[in-house]
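Structure first, commentary second.
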Amino acid sequence: MFKRILTGVLALVLIMSLWETADGAVISTDGESVTVPVKYTVDNSSFEIRIPALIIPAEEETGFLIGADKLNIRPDEYVEVKIVSGCDGSGAVKLERQNVPEGKDKAVLETVFSVSGRNISEADYIVGHFEDGSSIVNSVGEVTMSAVNVDETTQAGDYLATLEFRVDLKRR
Amino acid sequence: MINIIYKISALLITAVLLPLRLSAGEASAGIHNFSDARNKSQTLVSAEYWTGNSVFKPEEQGIDWGISASQITKVLSPGRAYSVKDIGDYSAYVTNEEERVGNTLDKSFYWYNRSRLAYVKLFKVTGGQEISFVFSDEFYVYCAEFDSSFRMLEDGDWMATGQKCRLKNDTAWIMVVFRQVNGDMSLGGGTDTVVKASEIKNSEANYIVFEPFSYTFKMNGGNYYGSSSDYVMERLGVNKIALPRPIKTGYKFSGWKADNGKIYNEIISAAYDSELFKDTTFTAIWEEIPVSAVSLDREYAILEQNCGDSITLQAAAMPDNAYDKTLVWSSSDEEVARVDRNGVVTAGKTGEAVITVKASGGAEACCKIYVMGFEVKIPSSCEINKAYPIQIKVYNNGKEGMTGRKHVIIDTEQTVAVYRAGDEATSYDVVAETSPSYAGGYSRLKEGAYLADITDSSTIYYRLTPTSDMTRAGDYEGNVNFSVSVN
């Protein structure tokens, strides 16, 4: 019996939760009309950001793309791609020489990241900015890498840096 | 016609020349007495001589009246009305038909035949004049015309009091004969009884009327056949007369007030009334005609509140010729329904009010006003795919629940578009659906159909449903309109 009552109460609560009971406008005059706003939120924002698994700088300026696919976000939202580690405040990425025995100095190569001619600064490490719209990939997603400083004195070997990207869906 | 003179003279002669013995039964037969007497007495030869002759001329027929013309009082100027109270001077008679005493013929003579009393005076009248006799109802009067020598010129007829007789001769002298009818008012019928001269003498009504009285009717603001002038009517004796019936707009005629202060209406009967036995002035008495009833063209009306809904009540005061047909309107509750002096009722707040229209005399009529109201509760905003109750409360007497007689109509769009905020290029159509219950059974609002068309309180459920999947993330906005009208 208790179960039945409980079931009934729960069903009623469910119905009441679906049934809008908020106080509305009251019309009591012939010919009167009201305009009622219709609102609805489609809350299914989703996106896919493409970040290269491997970025290879060169002895000349080169770049890579941060891409966005299946972007379905609200018009007041944007997707932001940031480098959260691996890049210093002036946009420089330092690649360390690999497999260097312990105790010996590790040679470093450097390339500077810039976006739209502007170095990635300490203030914002944004390398990608994507909004809802006709163009899924915008210019901010194109990162330019300056030429690596290599010469005859550069120690041979593999150089590696690790970048950490973070992708945020943000609301304006 | 009855030849009374024939019988009078016959019996008179019998009385004078031949003492006649009649039985009481024969005597009561009245006019037929002589025949009966004749059969019993062969001495009445002269009577047969006059049979069939309506005019008795004794000098030509060799018969003596038993009284000479010189012995009969002649009244040369009887005036307008002559009283016969002097009849009592000769009241000593025996009731035995065989005897005749106390006859003083120097002034007049009485002849008594148990049922007829001849009051013989010769009144000089103008030829062709109309005269009337005023006596109590127990008597009939007979009038005959004579010349100055007591020769009969014209026979007459029996008349009841108030009846008129126009004399046929230019110069006439008349004799009157009384006959008592013992309550039988039919002329020539009934059982004759003894004439009691004392009753005639003592009666107030004992006149021979020679000139009519003048009755003047003053209209007092009214009119009679279009004339407001005094209306003059002549009344001869106590003849029955129909009084004029004047009219006056807005008034009811309630009679004529005579000089004596009494009110007379319609007719004055042929009965002696000393107060009307003279020239009299009557003044019309008018009474305002009150409004006896007021009617309204409807018993109830339903008005709608808050929008000046109004109705004009049509009132009628009856009768049409009422003096004051002014009507006063009132409302039992001015907040619910006001009414102006023209019967225009305007709705106020919901409730009931009684509009009363009242005439000055108190007659009134009522109309109940139900001031209808409604409240339609519309959601302040709508979300797609969510049901909203739209509550419609109908009041027609200030209370909810009574079936209204007006329709509350709610109209809305069949389809509305919602636009993505910040991206108005993206929109979806959503359609209105309605259901009588929340649980289900929603159906799309048809083109041209109303969301609601009801006469009583109810709740309907409303929701908006997109026509296609809304996949684009974001906030969508649109507007839906609801309008409410009463029909």
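All residue names refer to the structure tokens as shown: chains lettered A, B, ... in order, residues numbered from 1 in each chain, ligands numbered from 1 in order.
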Q | Counting only C-alpha atoms, chain A residues within 8 Å of chain B, as an NGL selection string | A | :A and (18-45 or 72-76)
Now that the selection is made, can you save its residues with N, CA and C atoms as an mmCIF file, in the first residue's frame?
data_model
loop_
_atom_site.group_PDB
_atom_site.id
_atom_site.type_symbol
_atom_site.label_atom_id
_atom_site.label_comp_id
_atom_site.auth_asym_id
_atom_site.auth_seq_id
_atom_site.Cartn_x
_atom_site.Cartn_y
_atom_site.Cartn_z
ATOM 1 N N LEU A 18 6.423 18.902 -14.910
ATOM 2 C CA LEU A 18 6.325 19.130 -16.337
ATOM 3 C C LEU A 18 5.283 20.186 -16.680
ATOM 4 N N TRP A 19 4.410 20.424 -15.779
ATOM 5 C CA TRP A 19 3.277 21.305 -16.037
ATOM 6 C C TRP A 19 3.624 22.696 -15.524
ATOM 7 N N GLU A 20 3.721 23.578 -16.428
ATOM 8 C CA GLU A 20 4.100 24.943 -16.063
ATOM 9 C C GLU A 20 2.979 25.601 -15.285
ATOM 10 N N THR A 21 3.277 26.024 -14.095
ATOM 11 C CA THR A 21 2.247 26.631 -13.255
ATOM 12 C C THR A 21 2.577 28.062 -12.894
ATOM 13 N N ALA A 22 3.572 28.586 -13.535
ATOM 14 C CA ALA A 22 3.944 29.955 -13.172
ATOM 15 C C ALA A 22 2.798 30.914 -13.470
ATOM 16 N N ASP A 23 2.689 31.927 -12.637
ATOM 17 C CA ASP A 23 1.640 32.912 -12.850
ATOM 18 C C ASP A 23 1.820 33.579 -14.199
ATOM 19 N N GLY A 24 0.750 33.692 -14.890
ATOM 20 C CA GLY A 24 0.836 34.301 -16.198
ATOM 21 C C GLY A 24 0.036 35.581 -16.263
ATOM 22 N N ALA A 25 -0.099 36.073 -17.464
ATOM 23 C CA ALA A 25 -0.883 37.283 -17.668
ATOM 24 C C ALA A 25 -2.365 36.946 -17.555
ATOM 25 N N VAL A 26 -3.105 37.897 -17.057
ATOM 26 C CA VAL A 26 -4.548 37.704 -16.915
ATOM 27 C C VAL A 26 -5.252 38.694 -17.827
ATOM 28 N N ILE A 27 -6.080 38.148 -18.673
ATOM 29 C CA ILE A 27 -6.866 38.989 -19.587
ATOM 30 C C ILE A 27 -8.304 38.980 -19.088
ATOM 31 N N SER A 28 -8.840 40.146 -18.908
ATOM 32 C CA SER A 28 -10.223 40.206 -18.439
ATOM 33 C C SER A 28 -11.029 41.263 -19.190
ATOM 34 N N THR A 29 -10.519 41.685 -20.296
ATOM 35 C CA THR A 29 -11.220 42.711 -21.070
ATOM 36 C C THR A 29 -11.409 42.237 -22.496
ATOM 37 N N ASP A 30 -12.584 42.476 -22.965
ATOM 38 C CA ASP A 30 -12.899 42.085 -24.326
ATOM 39 C C ASP A 30 -11.953 42.784 -25.303
ATOM 40 N N GLY A 31 -11.359 42.007 -26.184
ATOM 41 C CA GLY A 31 -10.480 42.571 -27.195
ATOM 42 C C GLY A 31 -9.038 42.722 -26.760
ATOM 43 N N GLU A 32 -8.797 42.398 -25.511
ATOM 44 C CA GLU A 32 -7.423 42.545 -25.029
ATOM 45 C C GLU A 32 -6.567 41.399 -25.573
ATOM 46 N N SER A 33 -5.303 41.708 -25.796
ATOM 47 C CA SER A 33 -4.402 40.660 -26.260
ATOM 48 C C SER A 33 -3.064 40.813 -25.562
ATOM 49 N N VAL A 34 -2.373 39.743 -25.489
ATOM 50 C CA VAL A 34 -1.033 39.769 -24.904
ATOM 51 C C VAL A 34 -0.095 39.029 -25.840
ATOM 52 N N THR A 35 1.146 39.465 -25.764
ATOM 53 C CA THR A 35 2.185 38.774 -26.521
ATOM 54 C C THR A 35 3.062 38.033 -25.534
ATOM 55 N N VAL A 36 3.189 36.790 -25.772
ATOM 56 C CA VAL A 36 3.921 35.943 -24.836
ATOM 57 C C VAL A 36 5.215 35.489 -25.523
ATOM 58 N N PRO A 37 6.320 35.690 -24.864
ATOM 59 C CA PRO A 37 7.572 35.231 -25.464
ATOM 60 C C PRO A 37 7.670 33.710 -25.445
ATOM 61 N N VAL A 38 8.185 33.241 -26.539
ATOM 62 C CA VAL A 38 8.429 31.802 -26.636
ATOM 63 C C VAL A 38 9.935 31.600 -26.537
ATOM 64 N N LYS A 39 10.318 30.801 -25.629
ATOM 65 C CA LYS A 39 11.752 30.588 -25.428
ATOM 66 C C LYS A 39 12.050 29.100 -25.455
ATOM 67 N N TYR A 40 13.205 28.848 -25.957
ATOM 68 C CA TYR A 40 13.614 27.445 -25.957
ATOM 69 C C TYR A 40 15.135 27.388 -26.102
ATOM 70 N N THR A 41 15.677 26.533 -25.395
ATOM 71 C CA THR A 41 17.132 26.373 -25.447
ATOM 72 C C THR A 41 17.478 24.978 -25.953
ATOM 73 N N VAL A 42 18.243 24.994 -27.013
ATOM 74 C CA VAL A 42 18.776 23.717 -27.486
ATOM 75 C C VAL A 42 20.182 23.600 -26.895
ATOM 76 N N ASP A 43 20.234 22.775 -25.925
ATOM 77 C CA ASP A 43 21.486 22.704 -25.160
ATOM 78 C C ASP A 43 22.240 21.435 -25.545
ATOM 79 N N ASN A 44 22.792 21.447 -26.759
ATOM 80 C CA ASN A 44 23.512 20.256 -27.219
ATOM 81 C C ASN A 44 24.848 20.638 -27.867
ATOM 82 N N SER A 45 25.463 21.660 -27.274
ATOM 83 C CA SER A 45 26.735 22.124 -27.854
ATOM 84 C C SER A 45 27.752 20.970 -27.932
ATOM 85 N N ASN A 72 29.001 22.519 -33.168
ATOM 86 C CA ASN A 72 27.590 22.880 -32.943
ATOM 87 C C ASN A 72 27.508 23.538 -31.573
ATOM 88 N N ILE A 73 27.765 24.776 -31.639
ATOM 89 C CA ILE A 73 27.747 25.516 -30.375
ATOM 90 C C ILE A 73 26.787 26.677 -30.510
ATOM 91 N N ARG A 74 26.454 27.225 -29.393
ATOM 92 C CA ARG A 74 25.522 28.346 -29.364
ATOM 93 C C ARG A 74 26.171 29.581 -30.002
ATOM 94 N N PRO A 75 25.408 30.436 -30.513
ATOM 95 C CA PRO A 75 25.997 31.648 -31.084
ATOM 96 C C PRO A 75 26.746 32.478 -30.062
ATOM 97 N N ASP A 76 26.396 32.317 -28.843
ATOM 98 C CA ASP A 76 27.106 33.107 -27.839
ATOM 99 C C ASP A 76 28.238 32.303 -27.205
#
**Q.** Spatial neighbours of segment 154-168 of chain A, max dist 8 Å, only C-alpha atoms, sep filter under 4 positions, as an MDAnalysis selection string
**A.** chainID A and resid 49 79:87 93:99 107:109 150
Take the residues from that selection and write them out as a PDB file, in the first residue's frame, keeping C-alpha atoms.
ATOM      1  CA  ILE A  49      39.044  20.191 -32.342  1.00  0.00           C
ATOM      2  CA  VAL A  79      35.727  27.285 -28.493  1.00  0.00           C
ATOM      3  CA  GLU A  80      39.086  28.439 -27.343  1.00  0.00           C
ATOM      4  CA  VAL A  81      42.314  26.481 -27.763  1.00  0.00           C
ATOM      5  CA  LYS A  82      45.150  27.472 -25.562  1.00  0.00           C
ATOM      6  CA  ILE A  83      48.659  26.279 -25.006  1.00  0.00           C
ATOM      7  CA  VAL A  84      48.838  25.844 -21.334  1.00  0.00           C
ATOM      8  CA  SER A  85      52.427  24.584 -21.116  1.00  0.00           C
ATOM      9  CA  GLY A  86      55.453  24.192 -23.321  1.00  0.00           C
ATOM     10  CA  CYS A  87      55.567  27.777 -24.471  1.00  0.00           C
ATOM     11  CA  VAL A  93      59.059  26.892 -27.619  1.00  0.00           C
ATOM     12  CA  LYS A  94      62.267  25.304 -26.576  1.00  0.00           C
ATOM     13  CA  LEU A  95      63.115  21.873 -27.940  1.00  0.00           C
ATOM     14  CA  GLU A  96      65.633  19.929 -25.924  1.00  0.00           C
ATOM     15  CA  ARG A  97      68.164  17.549 -27.416  1.00  0.00           C
ATOM     16  CA  GLN A  98      67.134  14.038 -26.597  1.00  0.00           C
ATOM     17  CA  ASN A  99      69.100  11.123 -25.297  1.00  0.00           C
ATOM     18  CA  ALA A 107      71.292  21.526 -26.298  1.00  0.00           C
ATOM     19  CA  VAL A 108      68.137  23.535 -27.052  1.00  0.00           C
ATOM     20  CA  LEU A 109      66.565  24.678 -30.246  1.00  0.00           C
ATOM     21  CA  VAL A 150      70.200  25.689 -36.664  1.00  0.00           C
TER      22      VAL A 150
END
**Q.** Residues of segment 106-164 of chain A in strand (DSSP E or B), written as a ChimeraX atom specification
**A.** /A:108-115,118-119,126-131,142-145,159-160,164
Convert the current residue selection to file output with N, CA and C atoms, as an mmCIF file, in the first residue's frame.
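And here's selection21.cif as it stands now:
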data_model
loop_
_atom_site.group_PDB
_atom_site.id
_atom_site.type_symbol
_atom_site.label_atom_id
_atom_site.label_comp_id
_atom_site.auth_asym_id
_atom_site.auth_seq_id
_atom_site.Cartn_x
_atom_site.Cartn_y
_atom_site.Cartn_z
ATOM 1 N N VAL A 108 69.525 23.083 -26.885
ATOM 2 C CA VAL A 108 68.137 23.535 -27.052
ATOM 3 C C VAL A 108 68.002 24.261 -28.387
ATOM 4 N N LEU A 109 66.929 23.914 -29.043
ATOM 5 C CA LEU A 109 66.565 24.678 -30.246
ATOM 6 C C LEU A 109 65.284 25.464 -29.914
ATOM 7 N N GLU A 110 65.090 26.552 -30.616
ATOM 8 C CA GLU A 110 63.935 27.396 -30.262
ATOM 9 C C GLU A 110 63.167 27.787 -31.517
ATOM 10 N N THR A 111 61.898 27.756 -31.373
ATOM 11 C CA THR A 111 61.024 28.297 -32.431
ATOM 12 C C THR A 111 59.945 29.149 -31.737
ATOM 13 N N VAL A 112 59.569 30.193 -32.372
ATOM 14 C CA VAL A 112 58.594 31.109 -31.740
ATOM 15 C C VAL A 112 57.233 30.956 -32.448
ATOM 16 N N PHE A 113 56.263 30.753 -31.610
ATOM 17 C CA PHE A 113 54.891 30.614 -32.130
ATOM 18 C C PHE A 113 54.265 31.998 -32.255
ATOM 19 N N SER A 114 53.633 32.179 -33.350
ATOM 20 C CA SER A 114 52.887 33.424 -33.506
ATOM 21 C C SER A 114 51.551 33.107 -34.201
ATOM 22 N N VAL A 115 50.617 33.945 -33.936
ATOM 23 C CA VAL A 115 49.281 33.789 -34.537
ATOM 24 C C VAL A 115 48.927 35.122 -35.152
ATOM 25 N N ARG A 118 51.310 37.833 -34.614
ATOM 26 C CA ARG A 118 51.486 38.272 -33.234
ATOM 27 C C ARG A 118 51.991 37.070 -32.440
ATOM 28 N N ASN A 119 53.084 37.362 -31.747
ATOM 29 C CA ASN A 119 53.610 36.277 -30.925
ATOM 30 C C ASN A 119 52.608 35.910 -29.843
ATOM 31 N N ILE A 126 46.478 31.815 -26.659
ATOM 32 C CA ILE A 126 45.403 31.312 -27.501
ATOM 33 C C ILE A 126 45.941 31.029 -28.891
ATOM 34 N N VAL A 127 45.721 29.849 -29.283
ATOM 35 C CA VAL A 127 46.153 29.475 -30.620
ATOM 36 C C VAL A 127 44.946 29.068 -31.479
ATOM 37 N N GLY A 128 43.815 29.003 -30.859
ATOM 38 C CA GLY A 128 42.629 28.684 -31.646
ATOM 39 C C GLY A 128 41.383 29.333 -31.051
ATOM 40 N N HIS A 129 40.546 29.889 -31.921
ATOM 41 C CA HIS A 129 39.315 30.505 -31.460
ATOM 42 C C HIS A 129 38.247 30.181 -32.486
ATOM 43 N N PHE A 130 37.270 29.476 -32.062
ATOM 44 C CA PHE A 130 36.263 29.004 -33.014
ATOM 45 C C PHE A 130 34.866 29.430 -32.544
ATOM 46 N N GLU A 131 34.107 29.989 -33.467
ATOM 47 C CA GLU A 131 32.740 30.426 -33.162
ATOM 48 C C GLU A 131 31.769 29.705 -34.069
ATOM 49 N N GLU A 142 45.406 29.140 -37.042
ATOM 50 C CA GLU A 142 46.624 28.915 -37.838
ATOM 51 C C GLU A 142 47.834 29.473 -37.078
ATOM 52 N N VAL A 143 48.692 28.585 -36.710
ATOM 53 C CA VAL A 143 49.851 28.978 -35.883
ATOM 54 C C VAL A 143 51.121 28.924 -36.764
ATOM 55 N N THR A 144 51.854 29.988 -36.635
ATOM 56 C CA THR A 144 53.105 30.062 -37.410
ATOM 57 C C THR A 144 54.293 29.781 -36.473
ATOM 58 N N MET A 145 55.168 28.964 -36.969
ATOM 59 C CA MET A 145 56.388 28.665 -36.189
ATOM 60 C C MET A 145 57.590 29.297 -36.912
ATOM 61 N N TYR A 159 65.474 16.667 -31.240
ATOM 62 C CA TYR A 159 65.068 17.698 -30.285
ATOM 63 C C TYR A 159 63.557 17.595 -30.069
ATOM 64 N N LEU A 160 63.125 17.796 -28.861
ATOM 65 C CA LEU A 160 61.708 17.552 -28.579
ATOM 66 C C LEU A 160 61.214 18.564 -27.558
ATOM 67 N N GLU A 164 51.234 21.388 -24.274
ATOM 68 C CA GLU A 164 49.934 20.947 -23.736
ATOM 69 C C GLU A 164 48.868 21.964 -24.166
#
So which residues touch segment 243-260 of chain B within 8 Å, counting only C-alpha atoms, skipping near sequence neighbours fewer than 6 positions away, as an mmCIF file with N, CA and C atoms, in the first residue's frame?
data_model
loop_
_atom_site.group_PDB
_atom_site.id
_atom_site.type_symbol
_atom_site.label_atom_id
_atom_site.label_comp_id
_atom_site.auth_asym_id
_atom_site.auth_seq_id
_atom_site.Cartn_x
_atom_site.Cartn_y
_atom_site.Cartn_z
ATOM 1 N N PHE B 217 -73.484 71.591 -17.552
ATOM 2 C CA PHE B 217 -72.301 70.772 -17.266
ATOM 3 C C PHE B 217 -71.042 71.555 -17.611
ATOM 4 N N MET B 219 -67.140 71.698 -18.037
ATOM 5 C CA MET B 219 -66.151 70.685 -18.413
ATOM 6 C C MET B 219 -64.915 70.687 -17.517
ATOM 7 N N GLY B 221 -61.968 71.884 -17.768
ATOM 8 C CA GLY B 221 -60.716 71.533 -18.429
ATOM 9 C C GLY B 221 -60.840 70.400 -19.416
ATOM 10 N N GLY B 222 -61.965 69.705 -19.372
ATOM 11 C CA GLY B 222 -62.144 68.618 -20.307
ATOM 12 C C GLY B 222 -62.914 69.085 -21.530
ATOM 13 N N ASN B 223 -63.315 68.144 -22.312
ATOM 14 C CA ASN B 223 -64.130 68.499 -23.462
ATOM 15 C C ASN B 223 -65.102 67.384 -23.756
ATOM 16 N N TYR B 224 -66.171 67.768 -24.376
ATOM 17 C CA TYR B 224 -67.201 66.800 -24.727
ATOM 18 C C TYR B 224 -67.423 66.904 -26.228
ATOM 19 N N TYR B 225 -67.057 65.836 -26.881
ATOM 20 C CA TYR B 225 -67.091 65.835 -28.348
ATOM 21 C C TYR B 225 -66.318 67.019 -28.912
ATOM 22 N N GLU B 266 -72.673 58.827 -15.193
ATOM 23 C CA GLU B 266 -73.326 58.055 -16.250
ATOM 24 C C GLU B 266 -74.795 58.395 -16.448
ATOM 25 N N ILE B 267 -75.633 58.043 -15.483
ATOM 26 C CA ILE B 267 -77.048 58.333 -15.695
ATOM 27 C C ILE B 267 -77.642 58.904 -14.417
ATOM 28 N N ILE B 268 -78.734 59.624 -14.619
ATOM 29 C CA ILE B 268 -79.583 60.005 -13.491
ATOM 30 C C ILE B 268 -80.892 59.281 -13.729
ATOM 31 N N GLU B 275 -83.031 67.213 -4.742
ATOM 32 C CA GLU B 275 -81.845 68.035 -4.943
ATOM 33 C C GLU B 275 -81.532 68.267 -6.414
ATOM 34 N N THR B 280 -79.649 72.919 -12.243
ATOM 35 C CA THR B 280 -78.468 72.448 -11.512
ATOM 36 C C THR B 280 -77.223 72.616 -12.377
ATOM 37 N N THR B 281 -76.174 72.965 -11.702
ATOM 38 C CA THR B 281 -74.881 73.025 -12.385
ATOM 39 C C THR B 281 -74.029 71.841 -11.939
ATOM 40 N N PHE B 282 -73.490 71.165 -12.888
ATOM 41 C CA PHE B 282 -72.610 70.029 -12.616
ATOM 42 C C PHE B 282 -71.197 70.391 -13.082
ATOM 43 N N THR B 283 -70.266 70.042 -12.285
ATOM 44 C CA THR B 283 -68.865 70.310 -12.644
ATOM 45 C C THR B 283 -68.122 68.981 -12.766
ATOM 46 N N ALA B 284 -67.448 68.849 -13.865
ATOM 47 C CA ALA B 284 -66.709 67.595 -14.101
ATOM 48 C C ALA B 284 -65.606 67.441 -13.062
ATOM 49 N N ILE B 285 -65.499 66.242 -12.585
ATOM 50 C CA ILE B 285 -64.436 65.917 -11.631
ATOM 51 C C ILE B 285 -63.426 65.033 -12.353
ATOM 52 N N TRP B 286 -62.212 65.451 -12.258
ATOM 53 C CA TRP B 286 -61.163 64.717 -12.963
ATOM 54 C C TRP B 286 -60.200 64.098 -11.979
ATOM 55 N N GLU B 287 -59.782 62.973 -12.346
ATOM 56 C CA GLU B 287 -58.831 62.252 -11.502
ATOM 57 C C GLU B 287 -57.655 61.866 -12.392
ATOM 58 N N GLU B 288 -56.503 62.179 -11.932
ATOM 59 C CA GLU B 288 -55.333 61.826 -12.738
ATOM 60 C C GLU B 288 -55.307 60.330 -13.001
ATOM 61 N N ILE B 289 -55.032 60.000 -14.229
ATOM 62 C CA ILE B 289 -54.929 58.570 -14.557
ATOM 63 C C ILE B 289 -53.523 58.116 -14.191
ATOM 64 N N ASN B 321 -52.874 56.601 -21.894
ATOM 65 C CA ASN B 321 -53.370 57.943 -21.580
ATOM 66 C C ASN B 321 -53.142 58.319 -20.115
ATOM 67 N N ALA B 322 -52.193 57.651 -19.499
ATOM 68 C CA ALA B 322 -51.890 57.996 -18.113
ATOM 69 C C ALA B 322 -51.412 59.445 -18.019
ATOM 70 N N TYR B 323 -51.717 60.054 -16.897
ATOM 71 C CA TYR B 323 -51.404 61.477 -16.738
ATOM 72 C C TYR B 323 -49.894 61.709 -16.712
ATOM 73 N N ASP B 324 -49.242 60.972 -15.892
ATOM 74 C CA ASP B 324 -47.809 61.194 -15.727
ATOM 75 C C ASP B 324 -47.085 59.880 -16.016
#
Q | Option closest in space to Asp456 of chain B, from B:Glu334, B:Glu199, B:Glu364, B:Glu400 [counting only C-alpha atoms] | A | B:Glu400
**Q.** Polymer residues at most 9 Å from Cys143 of chain B, only C-alpha atoms, same-chain spacing of 5 or more positions, as a ChimeraX atom specification
**A.** /B:155-159,165,174-177
For those residues, write N, CA and C atoms to a file as an mmCIF file, in the first residue's frame.
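selection-v4.cif, freshly written:
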data_model
loop_
_atom_site.group_PDB
_atom_site.id
_atom_site.type_symbol
_atom_site.label_atom_id
_atom_site.label_comp_id
_atom_site.auth_asym_id
_atom_site.auth_seq_id
_atom_site.Cartn_x
_atom_site.Cartn_y
_atom_site.Cartn_z
ATOM 1 N N ASP B 155 -107.495 61.920 -25.905
ATOM 2 C CA ASP B 155 -107.272 60.882 -24.917
ATOM 3 C C ASP B 155 -105.761 60.771 -24.646
ATOM 4 N N GLY B 156 -105.396 60.089 -23.598
ATOM 5 C CA GLY B 156 -103.967 59.979 -23.282
ATOM 6 C C GLY B 156 -103.529 58.544 -23.105
ATOM 7 N N ASP B 157 -102.542 58.352 -22.254
ATOM 8 C CA ASP B 157 -102.049 57.000 -22.003
ATOM 9 C C ASP B 157 -101.459 56.981 -20.595
ATOM 10 N N TRP B 158 -101.328 55.803 -20.101
ATOM 11 C CA TRP B 158 -100.717 55.669 -18.784
ATOM 12 C C TRP B 158 -99.209 55.910 -18.885
ATOM 13 N N MET B 159 -98.738 56.576 -17.875
ATOM 14 C CA MET B 159 -97.299 56.855 -17.843
ATOM 15 C C MET B 159 -96.768 56.639 -16.431
ATOM 16 N N CYS B 165 -94.912 63.358 -21.864
ATOM 17 C CA CYS B 165 -96.097 63.357 -22.710
ATOM 18 C C CYS B 165 -96.143 64.680 -23.468
ATOM 19 N N ILE B 174 -105.615 70.054 -19.037
ATOM 20 C CA ILE B 174 -105.388 68.624 -18.810
ATOM 21 C C ILE B 174 -105.965 68.180 -17.483
ATOM 22 N N MET B 175 -106.301 66.934 -17.452
ATOM 23 C CA MET B 175 -106.764 66.290 -16.239
ATOM 24 C C MET B 175 -105.868 65.072 -16.016
ATOM 25 N N VAL B 176 -105.555 64.831 -14.782
ATOM 26 C CA VAL B 176 -104.716 63.669 -14.506
ATOM 27 C C VAL B 176 -105.480 62.673 -13.665
ATOM 28 N N VAL B 177 -105.206 61.431 -13.902
ATOM 29 C CA VAL B 177 -105.842 60.347 -13.166
ATOM 30 C C VAL B 177 -104.724 59.464 -12.594
#
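Taking atom CA of Glu335 of chain B and atom CA of Ala317 of chain B as endpoints, the distance between them is 27.1 Å.
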Q.
Which residues are near Ala160 of chain B? Cut-off 8 Å, only C-alpha atoms, ignore same chain within fewer than 2 positions. Put them as a ChimeraX atom specification.
A. /B:133,137,139-141,158,162-163,185,187
